[in-house]
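Trainee: Sending over my_file.cif (mmCIF, C-alpha atoms).
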```
data_model
loop_
_atom_site.label_atom_id
_atom_site.label_comp_id
_atom_site.auth_asym_id
_atom_site.auth_seq_id
_atom_site.Cartn_x
_atom_site.Cartn_y
_atom_site.Cartn_z
CA MET A 33 -22.84 7.15 2.54
CA ASN A 34 -22.36 7.43 6.27
CA MET A 35 -21.33 11.05 6.85
CA ARG A 36 -20.40 10.43 10.48
CA ALA A 37 -16.76 9.57 9.98
CA GLY A 38 -15.18 7.31 12.56
CA GLY A 39 -16.21 4.34 14.66
CA ILE A 40 -15.90 0.60 14.70
CA ARG A 41 -16.99 -0.12 11.11
CA PRO A 42 -14.02 1.50 9.31
CA TRP A 43 -11.77 -0.17 11.88
CA VAL A 44 -13.18 -3.58 10.92
CA VAL A 45 -13.07 -2.75 7.18
CA GLN A 46 -9.39 -1.82 7.53
CA ARG A 47 -8.53 -5.14 9.19
CA VAL A 48 -10.62 -7.41 6.95
CA SER A 49 -9.29 -5.77 3.77
CA ALA A 50 -5.72 -5.91 5.14
CA SER A 51 -6.04 -9.63 5.88
CA PHE A 52 -7.31 -10.37 2.37
CA MET A 53 -4.50 -8.36 0.77
CA LEU A 54 -1.97 -10.10 3.02
CA PHE A 55 -2.98 -13.50 1.62
CA TYR A 56 -3.24 -12.22 -1.96
CA ILE A 57 0.25 -10.68 -1.85
CA ILE A 58 1.79 -13.85 -0.37
CA ALA A 59 0.04 -16.00 -3.01
CA PHE A 60 1.15 -13.56 -5.74
CA PHE A 61 4.80 -13.79 -4.70
CA VAL A 62 4.73 -17.56 -4.31
CA ALA A 63 3.25 -17.82 -7.83
CA LEU A 64 5.86 -15.37 -9.11
CA LEU A 65 8.73 -17.37 -7.61
CA LEU A 66 7.36 -20.73 -8.82
CA ASN A 67 6.45 -19.73 -12.34
CA ALA A 68 7.08 -16.11 -13.29
CA PRO A 69 4.93 -15.06 -16.30
CA LEU A 70 7.68 -12.91 -17.76
CA ASP A 71 6.54 -12.56 -21.36
CA ALA A 72 3.54 -10.76 -22.83
CA GLN A 73 1.55 -13.88 -23.62
CA SER A 74 1.89 -15.70 -20.28
CA TRP A 75 1.39 -12.40 -18.41
CA ARG A 76 -1.96 -11.92 -20.19
CA ALA A 77 -2.90 -15.59 -19.80
CA TRP A 78 -2.18 -15.28 -16.07
CA TYR A 79 -4.77 -12.50 -15.68
CA GLN A 80 -7.21 -14.23 -18.03
CA ASN A 81 -7.37 -17.19 -15.67
CA PRO A 82 -10.81 -16.74 -14.00
CA LEU A 83 -9.46 -17.51 -10.53
CA VAL A 84 -6.63 -14.96 -10.81
CA ASN A 85 -8.93 -12.43 -12.49
CA VAL A 86 -11.62 -12.56 -9.79
CA ALA A 87 -9.09 -12.75 -6.94
CA THR A 88 -7.39 -9.66 -8.39
CA MET A 89 -10.73 -7.83 -8.60
CA LEU A 90 -11.39 -8.70 -4.95
CA PHE A 91 -7.87 -7.50 -4.14
CA TRP A 92 -8.65 -4.12 -5.70
CA VAL A 93 -11.97 -3.88 -3.86
CA ALA A 94 -10.06 -4.53 -0.62
CA LEU A 95 -7.31 -2.07 -1.62
CA LEU A 96 -9.76 0.74 -2.42
CA LEU A 97 -11.73 0.27 0.82
CA HIS A 98 -8.43 0.11 2.73
CA ALA A 99 -7.07 3.22 0.97
CA TRP A 100 -10.30 5.11 1.60
CA VAL A 101 -10.23 4.46 5.37
CA GLY A 102 -6.52 5.36 5.48
CA VAL A 103 -6.79 8.55 3.43
CA ARG A 104 -9.93 9.54 5.33
CA ASP A 105 -8.01 9.18 8.64
CA VAL A 106 -5.07 11.20 7.32
CA ILE A 107 -7.34 14.00 6.04
CA MET A 108 -9.34 14.06 9.31
CA ASP A 109 -6.06 14.34 11.25
CA TYR A 110 -4.42 17.15 9.28
CA VAL A 111 -7.12 19.20 7.52
CA SER A 112 -8.85 21.12 10.31
CA HIS A 113 -10.78 23.62 8.15
CA THR A 114 -14.26 22.14 7.66
CA GLY A 115 -14.72 23.26 4.05
CA MET A 116 -11.23 22.20 3.04
CA ARG A 117 -11.73 18.86 4.77
CA PHE A 118 -14.98 18.27 2.91
CA LEU A 119 -13.33 19.16 -0.41
CA SER A 120 -10.31 16.94 0.34
CA LEU A 121 -12.53 13.99 1.24
CA ALA A 122 -14.64 14.49 -1.90
CA PHE A 123 -11.50 14.68 -4.03
CA ALA A 124 -10.02 11.55 -2.42
CA ALA A 125 -13.25 9.61 -2.93
CA THR A 126 -13.44 10.65 -6.60
CA TYR A 127 -9.77 9.81 -7.13
CA LEU A 128 -10.12 6.34 -5.58
CA ALA A 129 -13.35 5.65 -7.48
CA ALA A 130 -11.62 6.58 -10.74
CA MET A 131 -8.67 4.31 -9.94
CA GLY A 132 -11.05 1.47 -9.16
CA LEU A 133 -13.07 1.84 -12.36
CA TRP A 134 -9.86 2.05 -14.40
CA VAL A 135 -8.42 -1.16 -12.97
CA PHE A 136 -11.79 -2.95 -13.36
CA ARG A 137 -11.90 -1.86 -16.98
CA VAL A 138 -8.42 -3.37 -17.46
CA LEU A 139 -9.36 -6.64 -15.74
CA ILE A 140 -12.60 -7.03 -17.68
CA LEU A 141 -11.02 -6.16 -21.05
CA VAL A 142 -8.15 -8.61 -20.57
CA SER A 143 -10.58 -11.54 -20.50
CA ALA A 144 -12.75 -10.21 -23.34
CA MET B 185 4.94 25.38 36.65
CA THR B 186 4.67 28.56 34.63
CA ALA B 187 3.25 28.63 31.13
CA HIS B 188 6.72 29.39 29.71
CA SER B 189 8.42 26.28 31.04
CA ARG B 190 5.90 23.93 29.52
CA PRO B 191 7.50 21.62 26.97
CA LYS B 192 6.47 22.21 23.36
CA PHE B 193 5.86 18.78 21.87
CA LEU B 194 4.32 19.96 18.64
CA SER B 195 7.53 21.18 17.04
CA LEU B 196 8.46 18.57 14.44
CA LEU B 197 12.13 19.38 15.01
CA LYS B 198 11.88 18.73 18.75
CA ILE B 199 9.80 15.55 18.67
CA LYS B 200 12.00 12.54 19.23
CA LEU B 201 10.00 9.49 18.22
CA PRO B 202 10.72 6.08 19.77
CA LEU B 203 11.38 3.22 17.33
CA THR B 204 7.76 2.08 17.55
CA GLY B 205 6.67 5.62 16.68
CA VAL B 206 8.99 5.66 13.67
CA VAL B 207 7.37 2.46 12.35
CA SER B 208 3.96 4.00 12.95
CA ILE B 209 4.60 7.26 11.07
CA LEU B 210 6.38 5.39 8.25
CA HIS B 211 3.29 3.19 7.95
CA ARG B 212 1.25 6.34 7.36
CA ILE B 213 3.80 7.90 4.98
CA SER B 214 4.15 4.69 2.95
CA GLY B 215 0.34 4.40 2.75
CA VAL B 216 -0.02 7.94 1.36
CA LEU B 217 2.85 7.27 -1.06
CA LEU B 218 1.11 4.13 -2.33
CA VAL B 219 -2.22 5.92 -2.84
CA LEU B 220 -0.46 8.69 -4.78
CA SER B 221 1.36 6.14 -6.96
CA LEU B 222 -1.85 4.35 -8.05
CA PRO B 223 -2.00 6.12 -11.47
CA ILE B 224 1.56 4.97 -12.25
CA ILE B 225 0.92 1.41 -11.09
CA ILE B 226 -2.43 1.04 -12.88
CA SER B 227 -1.21 2.61 -16.12
CA LEU B 228 1.77 0.22 -16.17
CA PHE B 229 -0.56 -2.70 -15.43
CA ASP B 230 -2.95 -1.54 -18.17
CA GLN B 231 -0.17 -1.12 -20.72
CA SER B 232 1.54 -4.41 -19.84
CA LEU B 233 -1.66 -6.29 -20.75
CA GLN B 234 -1.97 -4.62 -24.17
CA GLY B 235 -0.20 -7.38 -26.08
CA PRO B 236 3.54 -7.76 -26.83
CA ALA B 237 4.13 -4.10 -27.80
CA GLY B 238 2.54 -2.73 -24.63
CA PHE B 239 4.31 -5.32 -22.49
CA GLN B 240 7.63 -4.29 -24.07
CA THR B 241 6.94 -0.57 -23.45
CA SER B 242 6.14 -1.25 -19.78
CA ALA B 243 9.17 -3.51 -19.38
CA SER B 244 11.58 -0.98 -20.90
CA PHE B 245 10.05 1.82 -18.79
CA ILE B 246 10.69 -0.22 -15.64
CA ALA B 247 14.23 -1.05 -16.75
CA GLN B 248 15.23 2.62 -17.05
CA PRO B 249 17.74 3.79 -14.42
CA VAL B 250 15.59 6.88 -13.60
CA THR B 251 12.67 4.59 -12.80
CA LEU B 252 14.89 2.83 -10.28
CA ILE B 253 14.44 5.69 -7.79
CA ILE B 254 10.64 5.47 -8.01
CA ALA B 255 10.78 1.66 -7.99
CA VAL B 256 12.92 1.57 -4.83
CA ALA B 257 10.59 4.02 -3.07
CA LEU B 258 7.47 2.07 -4.05
CA ILE B 259 8.91 -1.38 -3.31
CA TRP B 260 10.01 -0.10 0.10
CA ALA B 261 6.56 1.46 0.66
CA VAL B 262 4.78 -1.83 -0.12
CA ALA B 263 7.22 -3.84 2.02
CA HIS B 264 7.04 -1.48 4.99
CA HIS B 265 3.27 -1.10 4.81
CA PHE B 266 2.95 -4.89 4.58
CA PHE B 267 5.19 -5.75 7.55
CA ALA B 268 4.11 -2.84 9.76
CA GLY B 269 0.47 -3.64 9.00
CA PHE B 270 1.08 -7.29 9.87
CA ARG B 271 2.54 -6.12 13.20
CA PHE B 272 -0.59 -4.05 13.89
CA LEU B 273 -2.77 -7.06 13.09
CA LEU B 274 -0.76 -9.11 15.63
CA PHE B 275 -1.49 -6.44 18.25
CA ASP B 276 -5.21 -6.87 17.52
CA LEU B 277 -4.76 -10.57 18.34
CA ASP B 278 -3.12 -9.52 21.64
CA MET B 279 0.28 -10.68 20.45
CA ALA B 280 3.56 -8.83 21.14
CA VAL B 281 1.82 -6.13 23.14
CA THR B 282 4.47 -5.74 25.84
CA LYS B 283 6.86 -2.81 25.44
CA SER B 284 9.94 -4.92 24.77
CA LYS B 285 8.19 -7.25 22.31
CA ALA B 286 6.56 -4.34 20.47
CA ARG B 287 9.99 -2.71 20.17
CA PHE B 288 11.55 -5.93 18.94
CA ALA B 289 8.76 -6.37 16.37
CA ALA B 290 9.30 -2.75 15.25
CA THR B 291 13.00 -3.50 14.67
CA LEU B 292 12.06 -6.60 12.67
CA VAL B 293 9.63 -4.56 10.55
CA LEU B 294 12.30 -1.97 9.68
CA LEU B 295 14.90 -4.65 8.91
CA ALA B 296 12.56 -6.92 6.95
CA SER B 297 11.29 -4.09 4.75
CA MET B 298 14.84 -2.94 4.00
CA ILE B 299 16.07 -6.47 3.23
CA LEU B 300 13.05 -7.21 1.02
CA THR B 301 13.55 -3.90 -0.83
CA VAL B 302 17.19 -4.74 -1.58
CA TYR B 303 16.26 -8.28 -2.64
CA MET B 304 13.39 -7.13 -4.89
CA VAL B 305 15.50 -4.45 -6.56
CA TRP B 306 18.24 -7.03 -7.17
CA TRP B 307 15.68 -9.51 -8.56
CA TRP B 308 14.11 -6.82 -10.73
CA PHE B 309 17.29 -5.45 -12.28
CA LYS B 310 19.53 -8.52 -12.31
#
```
Take the structure I supplied and represent it as structure tokens, if you would.

Mentor:
Amino acid sequence: MNMRAGGIRPWVVQRVSASFMLFYIIAFFVALLLNAPLDAQSWRAWYQNPLVNVATMLFWVALLLHAWVGVRDVIMDYVSHTGMRFLSLAFAATYLAAMGLWVFRVLILVSA
Amino acid sequence: MTAHSRPKFLSLLKIKLPLTGVVSILHRISGVLLVLSLPIIISLFDQSLQGPAGFQTSASFIAQPVTLIIAVALIWAVAHHFFAGFRFLLFDLDMAVTKSKARFAATLVLLASMILTVYMVWWWFK
């Protein structure tokens, strides 16, 4: 991991991930308006569709990268004590990693 | 100018943010709110995919009136973060960068996120 926080790379990551999520969210709402999967079976079938499944995984990759850059910026802005900042960043990274593994578990199990 | 007459800008009660600043800080607040709500969102998503019983549990949880408060906050957070973020992406493309256009876009962001929140809540609970 790059310990030197800041710079152009997180800036680019934030914009690329935002653009992907923008398209995913629009596509999600268009699909929801056209054909809402509002019962258990069609809801599951929707996420079992390989295209939806993989696009949703990519969405969560984008979301986690995006959240990490955002949370990192917030912590760097408000937590001035070095030790506390390190602990906060470590906690945030662990939290986001756990969220990511959880949602990947769900998306893999739904197609199993 | 003496040290005493210097304005104190760091008091949160004295800072008067312009509209564009309001959109900016709300973008940050909504982002933090969304990160904190991830366990709720993922657990609902997880449960809703656990067959008919799990789907029913998730659906009835969402339909509770108490959940409405959380739902409104989260729907607003997504909507605001989405529109305000879109506005920031436009700035990166050198669009709407003049003061008046940026202000106008900020007004649109605030209005659009409120309208979408009301619409989504109506759609959800109708």

Trainee: Quick one: residues within 12 Å of B:Ala280, only C-alpha atoms, excluding same-chain residues fewer than 5 positions away - as a PDB file with C-alpha atoms, in the coordinates of the input?

Mentor:
```pdb
ATOM      1  CA  PHE B 270       1.080  -7.290   9.870  1.00  0.00           C
ATOM      2  CA  ARG B 271       2.540  -6.120  13.200  1.00  0.00           C
ATOM      3  CA  PHE B 272      -0.590  -4.050  13.890  1.00  0.00           C
ATOM      4  CA  LEU B 273      -2.770  -7.060  13.090  1.00  0.00           C
ATOM      5  CA  LEU B 274      -0.760  -9.110  15.630  1.00  0.00           C
ATOM      6  CA  PHE B 275      -1.490  -6.440  18.250  1.00  0.00           C
ATOM      7  CA  LYS B 285       8.190  -7.250  22.310  1.00  0.00           C
ATOM      8  CA  ALA B 286       6.560  -4.340  20.470  1.00  0.00           C
ATOM      9  CA  ARG B 287       9.990  -2.710  20.170  1.00  0.00           C
ATOM     10  CA  PHE B 288      11.550  -5.930  18.940  1.00  0.00           C
ATOM     11  CA  ALA B 289       8.760  -6.370  16.370  1.00  0.00           C
ATOM     12  CA  ALA B 290       9.300  -2.750  15.250  1.00  0.00           C
TER      13      ALA B 290
END
```

Trainee: Report, in Å to a single decimal, how far apart atom CA of B:Ala296 and atom CA of B:Ala243 are.

Mentor: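 We find that atom CA of B:Ala243 and atom CA of B:Ala296 lie 26.8 Å from each other.
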
Trainee: Which residue gives the smallest distance to A:Thr88 among A:Ile57, A:Ala125, A:Ala72, A:Ile40, with only C-alpha atoms counted?

Mentor: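 Of A:Ile57, A:Ala125, A:Ala72, A:Ile40, the one nearest A:Thr88, counting only C-alpha atoms, is A:Ile57.
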
Trainee: Output the contact residues of chain B with respect to chain A at a cut-off of 7 Å, based on all atoms listed in the file, as a list in words.

Mentor: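 Here they are: Val219, Ile226, Asp230, Leu233, Gly235, Pro236 and Phe239 of chain B.
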
Trainee: Give me the residues near B:Val293 as a PyMOL selection string, where near means some atom within 12 Å (using all atoms listed in the file) and where sequence neighbours in that chain fewer than 2 positions away do not count.

Mentor: chain B and resi 203-204+206-208+210-211+260-261+263-272+286-291+295-300

Trainee: One decimal, Å: what's the distance from atom CA of B:Ser214 over to atom CA of B:Gly238, could you say?

Mentor: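 Here the two named atoms are 28.6 Å from each other.
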
Trainee: For a test of reading the model, state the distance in Å between atom CA of B:Met279 and atom CA of A:Ile58, rounded to one decimal.

Mentor: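 Atom CA of A:Ile58 lies at a distance of 21.1 Å from atom CA of B:Met279.
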
Trainee: Which residue out of A:Val101, A:Val111, A:Leu133, A:Leu121 has the minimum interatomic distance to A:Met89 when all atoms listed in the file are used?

Mentor: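 The closest residue to A:Met89 is A:Leu133.
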
Trainee: Can you list what the PyMOL selection byres ((chain B and resi 246) around 12) grabs from this structure, as a PyMOL selection string?

Mentor: chain B and resi 224-225+228-229+232+239-245+247-256+305+308-309

Trainee: So which residues touch A:Phe60 within 12 Å, counting all atoms listed in the file, skipping near sequence neighbours fewer than 4 positions away, as a ChimeraX atom specification?

Mentor: /A:53-56,64-69,78-79,84,87-88,91

Trainee: Write the residues of the preceding selection, restricted to C-alpha atoms, as a PDB file, keeping the file's coordinate frame.

Mentor:
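For reference, result18.pdb as written:
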```pdb
ATOM      1  CA  MET A  53      -4.500  -8.360   0.770  1.00  0.00           C
ATOM      2  CA  LEU A  54      -1.970 -10.100   3.020  1.00  0.00           C
ATOM      3  CA  PHE A  55      -2.980 -13.500   1.620  1.00  0.00           C
ATOM      4  CA  TYR A  56      -3.240 -12.220  -1.960  1.00  0.00           C
ATOM      5  CA  LEU A  64       5.860 -15.370  -9.110  1.00  0.00           C
ATOM      6  CA  LEU A  65       8.730 -17.370  -7.610  1.00  0.00           C
ATOM      7  CA  LEU A  66       7.360 -20.730  -8.820  1.00  0.00           C
ATOM      8  CA  ASN A  67       6.450 -19.730 -12.340  1.00  0.00           C
ATOM      9  CA  ALA A  68       7.080 -16.110 -13.290  1.00  0.00           C
ATOM     10  CA  PRO A  69       4.930 -15.060 -16.300  1.00  0.00           C
ATOM     11  CA  TRP A  78      -2.180 -15.280 -16.070  1.00  0.00           C
ATOM     12  CA  TYR A  79      -4.770 -12.500 -15.680  1.00  0.00           C
ATOM     13  CA  VAL A  84      -6.630 -14.960 -10.810  1.00  0.00           C
ATOM     14  CA  ALA A  87      -9.090 -12.750  -6.940  1.00  0.00           C
ATOM     15  CA  THR A  88      -7.390  -9.660  -8.390  1.00  0.00           C
ATOM     16  CA  PHE A  91      -7.870  -7.500  -4.140  1.00  0.00           C
TER      17      PHE A  91
END
```

Trainee: When distances are computed from all atoms listed in the file, which of B:Val262, B:Leu277, B:Gln234, B:Ser195 shows the smallest separation from B:Arg212?

Mentor: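 The shortest atom-to-atom distance to B:Arg212 comes from B:Val262.
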